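Trainee: This is final35.cif, which holds mmCIF, C-alpha atoms and all ligand atoms:
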data_protein
#
loop_
_atom_site.label_atom_id
_atom_site.label_comp_id
_atom_site.auth_asym_id
_atom_site.auth_seq_id
_atom_site.Cartn_x
_atom_site.Cartn_y
_atom_site.Cartn_z
CA MET W 1 0.00 0.00 0.00
CA ILE W 2 1.45 3.32 -1.06
CA ASP W 3 0.78 6.13 1.36
CA ASN W 4 -0.31 9.59 0.25
CA LYS W 5 3.14 11.09 0.13
CA ASP W 6 4.52 8.40 -2.17
CA ASP W 7 1.43 8.70 -4.26
CA ILE W 8 1.97 12.41 -4.82
CA SER W 9 5.71 12.01 -5.48
CA LYS W 10 5.00 9.34 -8.06
CA ALA W 11 2.44 11.57 -9.79
CA ALA W 12 4.95 14.46 -9.77
CA GLU W 13 7.65 12.25 -11.29
CA LEU W 14 5.37 11.01 -14.06
CA LEU W 15 4.33 14.57 -14.91
CA ARG W 16 7.97 15.73 -14.97
CA SER W 17 8.77 12.98 -17.43
CA GLY W 18 5.96 14.05 -19.77
CA GLU W 19 3.35 11.46 -18.80
CA LEU W 20 -0.33 12.01 -18.07
CA VAL W 21 -1.72 11.66 -14.55
CA VAL W 22 -5.38 11.58 -13.53
CA ILE W 23 -5.76 14.14 -10.74
CA PRO W 24 -8.54 14.53 -8.19
CA THR W 25 -10.24 17.90 -7.93
CA GLU W 26 -13.25 18.97 -5.92
CA THR W 27 -15.35 19.10 -9.12
CA VAL W 28 -14.43 16.07 -11.26
CA TYR W 29 -11.27 14.07 -11.98
CA GLY W 30 -8.94 15.78 -14.48
CA LEU W 31 -6.51 14.38 -17.03
CA ALA W 32 -3.36 16.34 -16.26
CA ALA W 33 -0.14 17.13 -18.12
CA ASN W 34 2.72 19.61 -17.81
CA ALA W 35 1.26 22.70 -19.48
CA PHE W 36 4.65 23.60 -20.98
CA ASN W 37 5.36 20.21 -22.53
CA GLU W 38 3.72 20.16 -25.95
CA ASP W 39 4.11 16.40 -26.42
CA ALA W 40 2.55 15.71 -23.04
CA VAL W 41 -0.38 18.02 -23.82
CA ALA W 42 -0.83 16.24 -27.17
CA LYS W 43 -1.31 12.99 -25.23
CA ILE W 44 -4.36 14.51 -23.50
CA TYR W 45 -6.00 15.27 -26.84
CA ALA W 46 -5.13 11.81 -28.18
CA LEU W 47 -6.42 9.86 -25.16
CA LYS W 48 -9.63 11.87 -24.87
CA GLN W 49 -10.06 12.05 -28.66
CA ARG W 50 -10.76 15.71 -28.11
CA PRO W 51 -10.65 18.18 -31.03
CA LYS W 52 -7.52 20.36 -30.93
CA THR W 53 -9.79 23.41 -31.23
CA ASN W 54 -11.04 22.86 -27.67
CA PRO W 55 -8.70 24.67 -25.23
CA LEU W 56 -7.57 23.54 -21.77
CA ILE W 57 -7.84 24.99 -18.27
CA LEU W 58 -4.56 25.87 -16.55
CA HIS W 59 -4.49 24.60 -12.96
CA ILE W 60 -2.22 26.55 -10.61
CA ALA W 61 -1.32 26.26 -6.94
CA GLY W 62 -2.52 29.68 -5.80
CA ILE W 63 -3.53 33.19 -6.78
CA LYS W 64 0.09 34.43 -6.40
CA GLU W 65 1.06 32.42 -9.47
CA LEU W 66 -1.57 34.03 -11.63
CA THR W 67 0.52 37.01 -12.76
CA ASN W 68 3.05 34.59 -14.31
CA TYR W 69 0.46 33.69 -16.92
CA VAL W 70 -2.02 36.56 -17.40
CA GLU W 71 -1.70 40.23 -18.41
CA GLU W 72 -4.59 42.13 -16.89
CA ILE W 73 -6.70 41.18 -13.94
CA PRO W 74 -9.89 43.24 -13.51
CA ASP W 75 -10.76 44.20 -9.90
CA ALA W 76 -13.95 42.16 -10.10
CA ALA W 77 -11.88 39.10 -11.00
CA VAL W 78 -9.55 39.64 -8.03
CA LYS W 79 -12.54 39.88 -5.72
CA LEU W 80 -14.09 36.68 -7.06
CA MET W 81 -10.82 34.73 -7.06
CA ASN W 82 -10.06 35.81 -3.51
CA HIS W 83 -13.48 34.65 -2.50
CA PHE W 84 -13.67 31.33 -4.33
CA TRP W 85 -10.08 30.07 -4.75
CA PRO W 86 -9.12 27.39 -4.16
CA GLY W 87 -12.45 26.32 -5.62
CA PRO W 88 -14.65 25.65 -8.63
CA LEU W 89 -14.29 29.00 -10.39
CA THR W 90 -12.40 29.18 -13.70
CA VAL W 91 -11.51 32.64 -14.98
CA LEU W 92 -10.75 33.56 -18.59
CA LEU W 93 -8.12 36.31 -18.73
CA PRO W 94 -5.78 37.76 -21.39
CA LYS W 95 -2.76 35.46 -21.54
CA LYS W 96 0.90 36.37 -21.35
CA LYS W 97 3.12 35.37 -24.26
CA ASN W 98 4.70 32.49 -22.36
CA VAL W 99 1.35 30.64 -22.29
CA PRO W 100 1.52 28.41 -25.34
CA ASP W 101 -1.13 28.60 -28.08
CA TYR W 102 -1.56 24.84 -27.95
CA ILE W 103 -3.22 25.27 -24.54
CA THR W 104 -5.61 28.03 -25.58
CA ALA W 105 -6.29 26.70 -29.10
CA GLY W 106 -4.93 29.98 -30.43
CA SER W 107 -7.12 32.23 -28.26
CA GLU W 108 -5.61 35.29 -26.58
CA ARG W 109 -7.38 34.32 -23.36
CA VAL W 110 -6.35 31.54 -21.02
CA ALA W 111 -8.68 29.79 -18.57
CA VAL W 112 -7.21 29.44 -15.06
CA ARG W 113 -8.28 27.92 -11.78
CA VAL W 114 -6.94 26.80 -8.40
CA PRO W 115 -8.53 23.42 -7.62
CA ASN W 116 -9.64 22.75 -4.06
CA ASN W 117 -8.18 19.31 -3.39
CA ALA W 118 -5.45 18.75 -0.84
CA LYS W 119 -3.61 16.05 -2.83
CA THR W 120 -3.65 18.02 -6.06
CA LEU W 121 -2.56 21.20 -4.28
CA ALA W 122 0.31 19.24 -2.69
CA LEU W 123 1.19 17.89 -6.14
CA LEU W 124 1.18 21.40 -7.64
CA GLY W 125 3.47 22.41 -4.79
CA GLN W 126 5.99 19.71 -5.72
CA ILE W 127 6.32 20.56 -9.42
CA ASP W 128 7.63 23.74 -10.96
CA PHE W 129 5.15 23.98 -13.82
CA PRO W 130 1.35 24.42 -13.97
CA LEU W 131 -0.94 21.62 -15.11
CA VAL W 132 -3.50 21.62 -17.86
CA ALA W 133 -6.38 19.32 -17.01
CA PRO W 134 -9.64 18.79 -18.82
CA SER W 135 -12.26 16.57 -17.25
CA ALA W 136 -10.78 13.09 -17.61
CA ASN W 137 -13.62 11.57 -19.68
CA PRO W 138 -13.38 10.75 -23.38
CA PHE W 139 -14.74 13.61 -25.54
CA THR W 140 -18.53 14.05 -25.10
CA TYR W 141 -18.77 11.37 -22.35
CA ILE W 142 -19.70 11.91 -18.69
CA SER W 143 -17.07 13.56 -16.45
CA PRO W 144 -15.61 11.06 -13.95
CA THR W 145 -16.25 11.64 -10.27
CA LYS W 146 -14.75 8.38 -8.90
CA PRO W 147 -11.51 6.55 -9.72
CA GLU W 148 -13.38 3.52 -11.05
CA HIS W 149 -14.97 5.69 -13.74
CA LEU W 150 -11.53 6.10 -15.28
CA ARG W 151 -11.12 2.38 -15.77
CA ILE W 152 -14.53 2.25 -17.43
CA CYS W 153 -13.38 5.00 -19.81
CA TYR W 154 -9.89 3.84 -20.68
CA GLY W 155 -9.40 0.26 -19.43
CA SER W 156 -5.74 -0.75 -19.67
CA LYS W 157 -4.86 2.63 -21.20
CA THR W 158 -5.82 4.43 -17.97
CA PRO W 159 -2.92 6.66 -16.87
CA TYR W 160 -1.73 6.69 -13.27
CA ILE W 161 -4.57 7.86 -11.01
CA LEU W 162 -3.84 9.99 -7.99
CA GLU W 163 -6.81 8.53 -6.18
CA ASP W 164 -8.85 10.53 -3.70
CA GLY W 165 -12.26 8.89 -3.53
CA GLU W 166 -15.43 10.55 -4.71
CA CYS W 167 -15.27 14.20 -5.81
CA GLU W 168 -17.02 16.48 -3.35
CA VAL W 169 -18.79 18.75 -5.81
CA GLY W 170 -19.40 16.36 -8.69
CA ILE W 171 -19.96 18.85 -11.52
CA GLU W 172 -17.48 21.02 -13.38
CA SER W 173 -16.29 24.50 -12.40
CA THR W 174 -18.11 27.66 -13.42
CA ILE W 175 -16.26 29.50 -16.21
CA ILE W 176 -16.40 33.29 -16.21
CA GLY W 177 -14.76 36.08 -18.18
CA PHE W 178 -15.10 39.78 -18.87
CA GLU W 179 -16.40 41.66 -21.91
CA GLY W 180 -15.77 45.32 -21.23
CA LYS W 181 -17.14 45.86 -17.73
CA ASP W 182 -19.58 42.97 -18.00
CA LEU W 183 -19.06 39.73 -16.16
CA ILE W 184 -20.01 36.81 -18.40
CA VAL W 185 -20.66 33.23 -17.38
CA TYR W 186 -19.45 31.03 -20.24
CA ARG W 187 -20.16 27.72 -18.59
CA LEU W 188 -22.70 27.26 -15.82
CA GLY W 189 -21.09 25.30 -13.02
CA SER W 190 -21.09 24.50 -9.38
CA ILE W 191 -20.87 28.17 -8.36
CA THR W 192 -24.28 29.37 -9.40
CA VAL W 193 -25.28 32.60 -11.15
CA GLU W 194 -27.16 33.59 -7.99
CA THR W 195 -24.04 33.14 -5.83
CA LEU W 196 -21.82 35.05 -8.28
CA GLU W 197 -24.30 37.94 -8.31
CA LYS W 198 -24.38 38.01 -4.54
CA ILE W 199 -20.58 38.10 -4.21
CA CYS W 200 -19.88 40.65 -6.94
CA GLY W 201 -22.96 42.77 -6.17
CA LYS W 202 -24.24 43.08 -9.73
CA ARG W 203 -26.05 41.18 -12.43
CA VAL W 204 -24.03 38.76 -14.51
CA GLN W 205 -24.79 37.66 -18.05
CA VAL W 206 -24.89 34.07 -19.15
CA SER W 207 -23.36 33.68 -22.57
CA ASN W 208 -25.70 32.51 -25.28
CA GLN W 209 -23.88 29.36 -26.17
CA LYS W 210 -25.74 28.83 -29.42
CA SER W 211 -24.38 31.77 -31.35
CA THR W 212 -20.68 31.33 -30.71
CA GLY W 213 -18.15 28.96 -32.16
CA GLU W 214 -16.07 26.09 -30.90
CA MET W 215 -14.30 28.35 -28.42
CA THR W 216 -17.24 28.74 -26.07
CA PRO W 217 -16.61 26.52 -23.05
CA GLY W 218 -18.60 23.34 -22.89
CA MET W 219 -20.75 24.54 -25.78
CA HIS W 220 -20.88 21.28 -27.65
CA HIS W 221 -24.50 20.46 -28.10
CA LYS W 222 -23.83 16.83 -27.26
CA HIS W 223 -21.73 16.57 -24.14
CA TYR W 224 -21.79 14.80 -20.81
CA SER W 225 -23.60 11.99 -22.61
CA PRO W 226 -24.05 8.39 -21.58
CA LYS W 227 -24.23 5.80 -24.35
CA THR W 228 -27.79 5.00 -23.35
CA ARG W 229 -30.43 7.30 -24.79
CA VAL W 230 -31.51 9.95 -22.28
CA ARG W 231 -35.01 11.43 -22.14
CA LEU W 232 -35.37 14.50 -19.98
CA THR W 233 -38.98 15.16 -19.08
CA THR W 234 -41.51 15.66 -16.30
CA LEU W 235 -42.79 12.80 -14.15
CA GLU W 236 -46.18 12.94 -15.88
CA ASN W 237 -44.51 11.99 -19.14
CA PHE W 238 -42.72 8.95 -17.75
CA PRO W 239 -43.97 5.62 -19.18
CA LYS W 240 -46.83 4.28 -17.07
CA GLU W 241 -45.78 0.65 -17.39
CA PRO W 242 -42.01 0.65 -16.97
CA ASP W 243 -40.05 -2.31 -18.31
CA SER W 244 -36.70 -3.66 -17.15
CA LYS W 245 -34.86 -2.03 -20.10
CA THR W 246 -35.71 1.48 -18.92
CA ALA W 247 -34.04 3.29 -16.04
CA PHE W 248 -35.59 6.16 -14.12
CA ILE W 249 -33.76 8.93 -12.33
CA THR W 250 -36.08 11.10 -10.26
CA PHE W 251 -35.65 14.03 -7.90
CA SER W 252 -39.10 14.90 -6.49
CA LYS W 253 -40.13 11.42 -5.32
CA LYS W 254 -39.26 7.77 -5.62
CA VAL W 255 -41.04 5.92 -8.38
CA ASP W 256 -41.92 2.28 -8.59
CA ALA W 257 -40.07 0.59 -11.46
CA PRO W 258 -37.52 -2.22 -12.02
CA VAL W 259 -34.55 0.18 -12.37
CA THR W 260 -34.83 3.41 -10.41
CA PHE W 261 -32.51 5.94 -8.82
CA TYR W 262 -33.69 8.71 -6.55
CA LEU W 263 -31.81 11.85 -5.51
CA ASP W 264 -33.76 14.21 -3.25
CA ASN W 265 -34.08 17.68 -4.81
CA ARG W 266 -34.26 19.25 -1.34
CA HIS W 267 -30.51 18.53 -1.20
CA MET W 268 -29.22 19.91 -4.46
CA HIS W 269 -25.54 19.58 -3.51
CA ASP W 270 -26.08 15.85 -3.09
CA VAL W 271 -27.89 15.69 -6.41
CA ALA W 272 -24.96 17.41 -8.10
CA GLN W 273 -22.39 15.26 -6.37
CA LYS W 274 -24.00 11.95 -7.26
CA LEU W 275 -25.63 12.54 -10.63
CA TYR W 276 -22.68 11.65 -12.90
CA ALA W 277 -21.90 8.53 -10.86
CA ILE W 278 -25.49 7.38 -11.36
CA LEU W 279 -25.19 8.00 -15.10
CA TYR W 280 -22.05 5.82 -15.16
CA GLU W 281 -23.86 3.14 -13.18
CA VAL W 282 -26.92 3.16 -15.42
CA ASP W 283 -24.82 3.17 -18.58
CA ALA W 284 -23.06 0.00 -17.44
CA LEU W 285 -26.44 -1.75 -17.40
CA ALA W 286 -26.74 -1.31 -21.18
CA LEU W 287 -30.46 -0.52 -21.10
CA ASP W 288 -32.56 0.94 -23.90
CA GLN W 289 -33.23 4.31 -22.33
CA ILE W 290 -32.99 6.48 -19.24
CA PHE W 291 -35.83 8.76 -18.21
CA ILE W 292 -34.61 11.67 -16.11
CA GLU W 293 -36.94 14.03 -14.30
CA GLU W 294 -36.52 17.73 -15.10
CA LEU W 295 -35.26 19.92 -12.28
CA GLU W 296 -36.39 23.42 -11.40
CA GLU W 297 -34.04 25.82 -13.20
CA THR W 298 -32.78 27.93 -10.32
CA ASP W 299 -29.36 27.85 -8.66
CA LEU W 300 -27.71 24.44 -9.08
CA GLY W 301 -30.86 23.19 -10.82
CA ARG W 302 -30.04 25.52 -13.70
CA THR W 303 -26.52 24.13 -14.04
CA LEU W 304 -27.72 20.54 -13.83
CA MET W 305 -30.46 21.12 -16.40
CA ASP W 306 -27.82 22.55 -18.73
CA ARG W 307 -25.81 19.33 -18.35
CA LEU W 308 -28.85 17.07 -18.65
CA ARG W 309 -30.05 18.79 -21.82
CA ARG W 310 -26.65 18.18 -23.38
CA SER W 311 -26.63 14.60 -22.18
CA SER W 312 -29.97 14.04 -23.87
CA ALA W 313 -28.93 15.67 -27.16
CA SER W 314 -28.64 13.17 -29.98
CA LYS W 315 -25.87 14.98 -31.88
O1 LIG W 401 -14.08 21.57 -13.04
C1 LIG W 401 -13.38 21.71 -14.05
O2 LIG W 401 -13.27 22.79 -14.64
C2 LIG W 401 -12.65 20.46 -14.56
C3 LIG W 401 -11.57 20.07 -13.55
C4 LIG W 401 -10.77 18.88 -14.00
O3 LIG W 401 -10.77 21.18 -13.28
N1 LIG W 401 -12.09 20.72 -15.85
C5 LIG W 401 -12.86 20.84 -16.97
O4 LIG W 401 -12.12 21.00 -18.14
O5 LIG W 401 -14.08 20.79 -16.96
P1 LIG W 401 -12.76 20.73 -19.59
O6 LIG W 401 -11.63 20.87 -20.52
O7 LIG W 401 -13.48 19.45 -19.59
O8 LIG W 401 -13.74 21.91 -19.78
C6 LIG W 401 -13.20 23.21 -19.86
C7 LIG W 401 -13.95 24.06 -20.84
C8 LIG W 401 -13.90 23.50 -22.26
O9 LIG W 401 -15.22 23.49 -22.78
C9 LIG W 401 -13.04 24.50 -23.01
O10 LIG W 401 -13.52 24.72 -24.30
C10 LIG W 401 -13.13 25.75 -22.16
O11 LIG W 401 -13.28 25.31 -20.85
N2 LIG W 401 -11.92 26.56 -22.25
C11 LIG W 401 -10.70 26.28 -21.76
N3 LIG W 401 -9.81 27.23 -22.08
C12 LIG W 401 -10.49 28.17 -22.77
C13 LIG W 401 -10.13 29.40 -23.41
N4 LIG W 401 -8.89 29.86 -23.39
N5 LIG W 401 -11.12 30.09 -24.04
C14 LIG W 401 -12.39 29.63 -24.08
N6 LIG W 401 -12.77 28.47 -23.52
C15 LIG W 401 -11.86 27.75 -22.87
MG MG W 402 -15.04 18.26 -19.98
#
Any chance you could put this one into structure tokens?
Mentor:
Amino acid sequence: MIDNKDDISKAAELLRSGELVVIPTETVYGLAANAFNEDAVAKIYALKQRPKTNPLILHIAGIKELTNYVEEIPDAAVKLMNHFWPGPLTVLLPKKKNVPDYITAGSERVAVRVPNNAKTLALLGQIDFPLVAPSANPFTYISPTKPEHLRICYGSKTPYILEDGECEVGIESTIIGFEGKDLIVYRLGSITVETLEKICGKRVQVSNQKSTGEMTPGMHHKHYSPKTRVRLTTLENFPKEPDSKTAFITFSKKVDAPVTFYLDNRHMHDVAQKLYAILYEVDALALDQIFIEELEETDLGRTLMDRLRRSSASK
């Protein structure tokens, strides 16, 4: 049995030698590489089968490191980062020249965050380069929230996993940026629009993901998708005579059916934390379809509905 310290040293060594390591974060597991090693970063795109046009988030150890990589930091950004870091807030800021284009897919802005996970923070403290880390799932699949999800995704090709149990938050970080004086949310995430507005004291805009190109974070219509067909609807529209090839995921009450999962919508943090793991579990059953109950679109419900809509998209 390797103890934590050895674990972290091994991960650091692999990253130094240009290998990928699966890292725990509070949101979801990430597939990490040395941000300044182009060959290592290419391995992320190859393993995930992710289009090269889709840029990567830079993970750093603390706010002090930020000025190494970005040019201008608006006051509102400083306030939000001080409040939420380490934590699930990713900020898009104008990049310095030393940040390679192969991380940002040619964009002049780089996405940065400080993850809130003790092992990953210790790892970042041991290495002298930042990490790029997308969610560790194959392109368009569900983000992994437990180590065993990685083995489902990649089998014998799974890189070394710095294991740290189940992720606490369970859905991806919120991605924000600035257009003029406006604060824009590019990807809804675990920090909700309501919380952001409370902390920064003004309205924020949520980017209309339909009108922009490949560069808009998480904009792919199909994303977060299990292999099994997902139908997102209200309880009234669920089939009245459920068969054993249909799974049900409900939030307002338990339903009676051969394959059911219930997460109580009075505890939305629990719903968020466990939802992806349930999707992995259901997908492994190789059923015909999954009916998922719609959530009320406020706070975390809004973020989760965004994910569920994408997971039910056919293309
Ligand atoms: O919670 C998270 O953010 C997780 C953990 C591992 O940190 N990471 C994550 O990364 O969700 P990823 O790559 O799966 O999603 C990041 C999104 C992508 O949709 C990407 O297009 C967008 O952020 N993104 C990254 N850099 C960007 C940039 N410079 N400009 C615009 N979008 C960017
Ligand atoms: Mg992802």
Trainee: What's around Pro242 of chain W at 12 Å? Count all atoms listed in the file, leave out sequence neighbours fewer than 3 positions away in its own chain, and write the answer as a ChimeraX atom specification.
Mentor: /W:237-239,245-248,255-260,288-291
Trainee: Considering all atoms listed in the file, can you say which of W:Val204, W:Leu304, W:Ala272, W:Leu31 comes closest to ligand LIG 401 (chain W)?
Mentor: W:Leu31
Trainee: Using all atoms listed in the file, which of W:Val78, W:Ile73, W:Pro226, W:Ile175 sits nearest Lys95 of chain W?
Mentor: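 Between W:Val78, W:Ile73, W:Pro226, W:Ile175, the residue approaching Lys95 of chain W most closely is W:Ile73.
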Trainee: Counting all atoms listed in the file, which residues of segment 30-149 of chain W sit at most 12 Å from some atom of segment 192-201 of chain W, and what is each one's closest atom pair with its distance in Å to one decimal, listed by chain and rising residue number, as a Markdown table?
Mentor:
| residue | atom | partner | partner_atom | distance |
| --- | --- | --- | --- | --- |
| W:Asp75 | CA | W:Cys200 | CA | 10.2 |
| W:Ala76 | CA | W:Cys200 | CA | 6.9 |
| W:Ala77 | CA | W:Cys200 | CA | 9.1 |
| W:Val78 | CA | W:Cys200 | CA | 10.4 |
| W:Lys79 | CA | W:Cys200 | CA | 7.5 |
| W:Leu80 | CA | W:Cys200 | CA | 7.0 |
| W:Met81 | CA | W:Ile199 | CA | 10.7 |
| W:Asn82 | CA | W:Ile199 | CA | 10.8 |
| W:His83 | CA | W:Ile199 | CA | 8.1 |
| W:Phe84 | CA | W:Ile199 | CA | 9.7 |
| W:Pro88 | CA | W:Thr192 | CA | 10.4 |
| W:Leu89 | CA | W:Leu196 | CA | 9.9 |
Trainee: Give the residues close to ligand MG 402 (chain W), within 12 Å, counting only C-alpha atoms and all ligand atoms; write them as an MDAnalysis selection string.
Mentor: chainID W and resid 27:31 44:45 48:51 54:57 133:145 171:175 187 189 217:220 222:225 307
Trainee: Mind giving me the straight-line distance from atom CA of Leu93 of chain W to atom CA of Val169 of chain W in Å, one decimal?
Mentor: 24.3 Å
Trainee: Excluding same-chain residues fewer than 3 positions from Phe178 of chain W, what lies within 8 Å of it counting only C-alpha atoms, as a PyMOL selection string?
Mentor: chain W and resi 92-93+181-184
Trainee: Can you pull out every residue within 8 Å of Arg113 of chain W, counting all atoms listed in the file, but drop anything in the same chain fewer than 6 positions away, and send it as a ChimeraX atom specification?
Mentor: /W:57-60,85-91
Trainee: Suppose we keep C-alpha atoms; can you now write the selection as an mmCIF file, keeping the file's coordinate frame?
Mentor:
data_model
loop_
_atom_site.group_PDB
_atom_site.id
_atom_site.type_symbol
_atom_site.label_atom_id
_atom_site.label_comp_id
_atom_site.auth_asym_id
_atom_site.auth_seq_id
_atom_site.Cartn_x
_atom_site.Cartn_y
_atom_site.Cartn_z
ATOM 1 C CA ILE W 57 -7.840 24.990 -18.270
ATOM 2 C CA LEU W 58 -4.560 25.870 -16.550
ATOM 3 C CA HIS W 59 -4.490 24.600 -12.960
ATOM 4 C CA ILE W 60 -2.220 26.550 -10.610
ATOM 5 C CA TRP W 85 -10.080 30.070 -4.750
ATOM 6 C CA PRO W 86 -9.120 27.390 -4.160
ATOM 7 C CA GLY W 87 -12.450 26.320 -5.620
ATOM 8 C CA PRO W 88 -14.650 25.650 -8.630
ATOM 9 C CA LEU W 89 -14.290 29.000 -10.390
ATOM 10 C CA THR W 90 -12.400 29.180 -13.700
ATOM 11 C CA VAL W 91 -11.510 32.640 -14.980
#
Trainee: Quick check, in Å to one decimal: how far apart do atom CA of Asn34 of chain W and atom CA of Tyr154 of chain W lie?
Mentor: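 Straight-line distance from atom CA of Asn34 of chain W to atom CA of Tyr154 of chain W works out to 20.4 Å.
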Trainee: Suppose you want the space between atom CA of Val132 of chain W and atom CA of Gln205 of chain W; what is it in Å?
Mentor: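 About the pair atom CA of Val132 of chain W and atom CA of Gln205 of chain W: they are 26.7 Å apart.
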Trainee: What would segment 283-299 of chain W look like with N, CA, C and O atoms restored, written as an mmCIF file, keeping the file's coordinate frame?
Mentor:
data_model
loop_
_atom_site.group_PDB
_atom_site.id
_atom_site.type_symbol
_atom_site.label_atom_id
_atom_site.label_comp_id
_atom_site.auth_asym_id
_atom_site.auth_seq_id
_atom_site.Cartn_x
_atom_site.Cartn_y
_atom_site.Cartn_z
ATOM 1 N N ASP W 283 -25.387 3.479 -17.262
ATOM 2 C CA ASP W 283 -24.820 3.170 -18.580
ATOM 3 C C ASP W 283 -24.241 1.759 -18.623
ATOM 4 O O ASP W 283 -24.330 1.076 -19.635
ATOM 5 N N ALA W 284 -23.675 1.337 -17.497
ATOM 6 C CA ALA W 284 -23.060 0.000 -17.440
ATOM 7 C C ALA W 284 -24.118 -1.099 -17.559
ATOM 8 O O ALA W 284 -23.801 -2.241 -17.891
ATOM 9 N N LEU W 285 -25.380 -0.743 -17.311
ATOM 10 C CA LEU W 285 -26.440 -1.750 -17.400
ATOM 11 C C LEU W 285 -26.889 -2.011 -18.842
ATOM 12 O O LEU W 285 -27.651 -2.933 -19.102
ATOM 13 N N ALA W 286 -26.417 -1.166 -19.753
ATOM 14 C CA ALA W 286 -26.740 -1.310 -21.180
ATOM 15 C C ALA W 286 -28.240 -1.466 -21.427
ATOM 16 O O ALA W 286 -28.705 -2.418 -22.053
ATOM 17 N N LEU W 287 -29.003 -0.513 -20.924
ATOM 18 C CA LEU W 287 -30.460 -0.520 -21.100
ATOM 19 C C LEU W 287 -30.822 0.203 -22.409
ATOM 20 O O LEU W 287 -29.950 0.692 -23.122
ATOM 21 N N ASP W 288 -32.113 0.248 -22.683
ATOM 22 C CA ASP W 288 -32.560 0.940 -23.900
ATOM 23 C C ASP W 288 -32.616 2.448 -23.717
ATOM 24 O O ASP W 288 -32.330 3.212 -24.623
ATOM 25 N N GLN W 289 -33.037 2.871 -22.536
ATOM 26 C CA GLN W 289 -33.230 4.310 -22.330
ATOM 27 C C GLN W 289 -33.228 4.676 -20.846
ATOM 28 O O GLN W 289 -33.455 3.825 -19.981
ATOM 29 N N ILE W 290 -32.948 5.960 -20.611
ATOM 30 C CA ILE W 290 -32.990 6.480 -19.240
ATOM 31 C C ILE W 290 -33.955 7.669 -19.232
ATOM 32 O O ILE W 290 -33.759 8.620 -20.003
ATOM 33 N N PHE W 291 -34.963 7.600 -18.411
ATOM 34 C CA PHE W 291 -35.830 8.760 -18.210
ATOM 35 C C PHE W 291 -35.309 9.544 -17.011
ATOM 36 O O PHE W 291 -35.107 8.983 -15.942
ATOM 37 N N ILE W 292 -35.077 10.821 -17.209
ATOM 38 C CA ILE W 292 -34.610 11.670 -16.110
ATOM 39 C C ILE W 292 -35.616 12.787 -15.884
ATOM 40 O O ILE W 292 -36.058 13.443 -16.843
ATOM 41 N N GLU W 293 -35.973 12.980 -14.633
ATOM 42 C CA GLU W 293 -36.940 14.030 -14.300
ATOM 43 C C GLU W 293 -36.306 15.414 -14.405
ATOM 44 O O GLU W 293 -35.186 15.626 -13.925
ATOM 45 N N GLU W 294 -37.029 16.357 -15.013
ATOM 46 C CA GLU W 294 -36.520 17.730 -15.100
ATOM 47 C C GLU W 294 -36.422 18.353 -13.708
ATOM 48 O O GLU W 294 -37.240 18.066 -12.845
ATOM 49 N N LEU W 295 -35.429 19.207 -13.545
ATOM 50 C CA LEU W 295 -35.260 19.920 -12.280
ATOM 51 C C LEU W 295 -35.716 21.369 -12.444
ATOM 52 O O LEU W 295 -35.709 21.917 -13.560
ATOM 53 N N GLU W 296 -36.064 21.988 -11.347
ATOM 54 C CA GLU W 296 -36.390 23.420 -11.400
ATOM 55 C C GLU W 296 -35.127 24.203 -11.741
ATOM 56 O O GLU W 296 -34.064 23.959 -11.147
ATOM 57 N N GLU W 297 -35.264 25.166 -12.679
ATOM 58 C CA GLU W 297 -34.040 25.820 -13.200
ATOM 59 C C GLU W 297 -33.621 27.045 -12.407
ATOM 60 O O GLU W 297 -33.538 28.149 -12.951
ATOM 61 N N THR W 298 -33.389 26.859 -11.108
ATOM 62 C CA THR W 298 -32.780 27.930 -10.320
ATOM 63 C C THR W 298 -31.529 27.356 -9.676
ATOM 64 O O THR W 298 -31.420 26.143 -9.486
ATOM 65 N N ASP W 299 -30.591 28.263 -9.338
ATOM 66 C CA ASP W 299 -29.360 27.850 -8.660
ATOM 67 C C ASP W 299 -28.734 26.624 -9.323
ATOM 68 O O ASP W 299 -28.615 26.565 -10.535
#
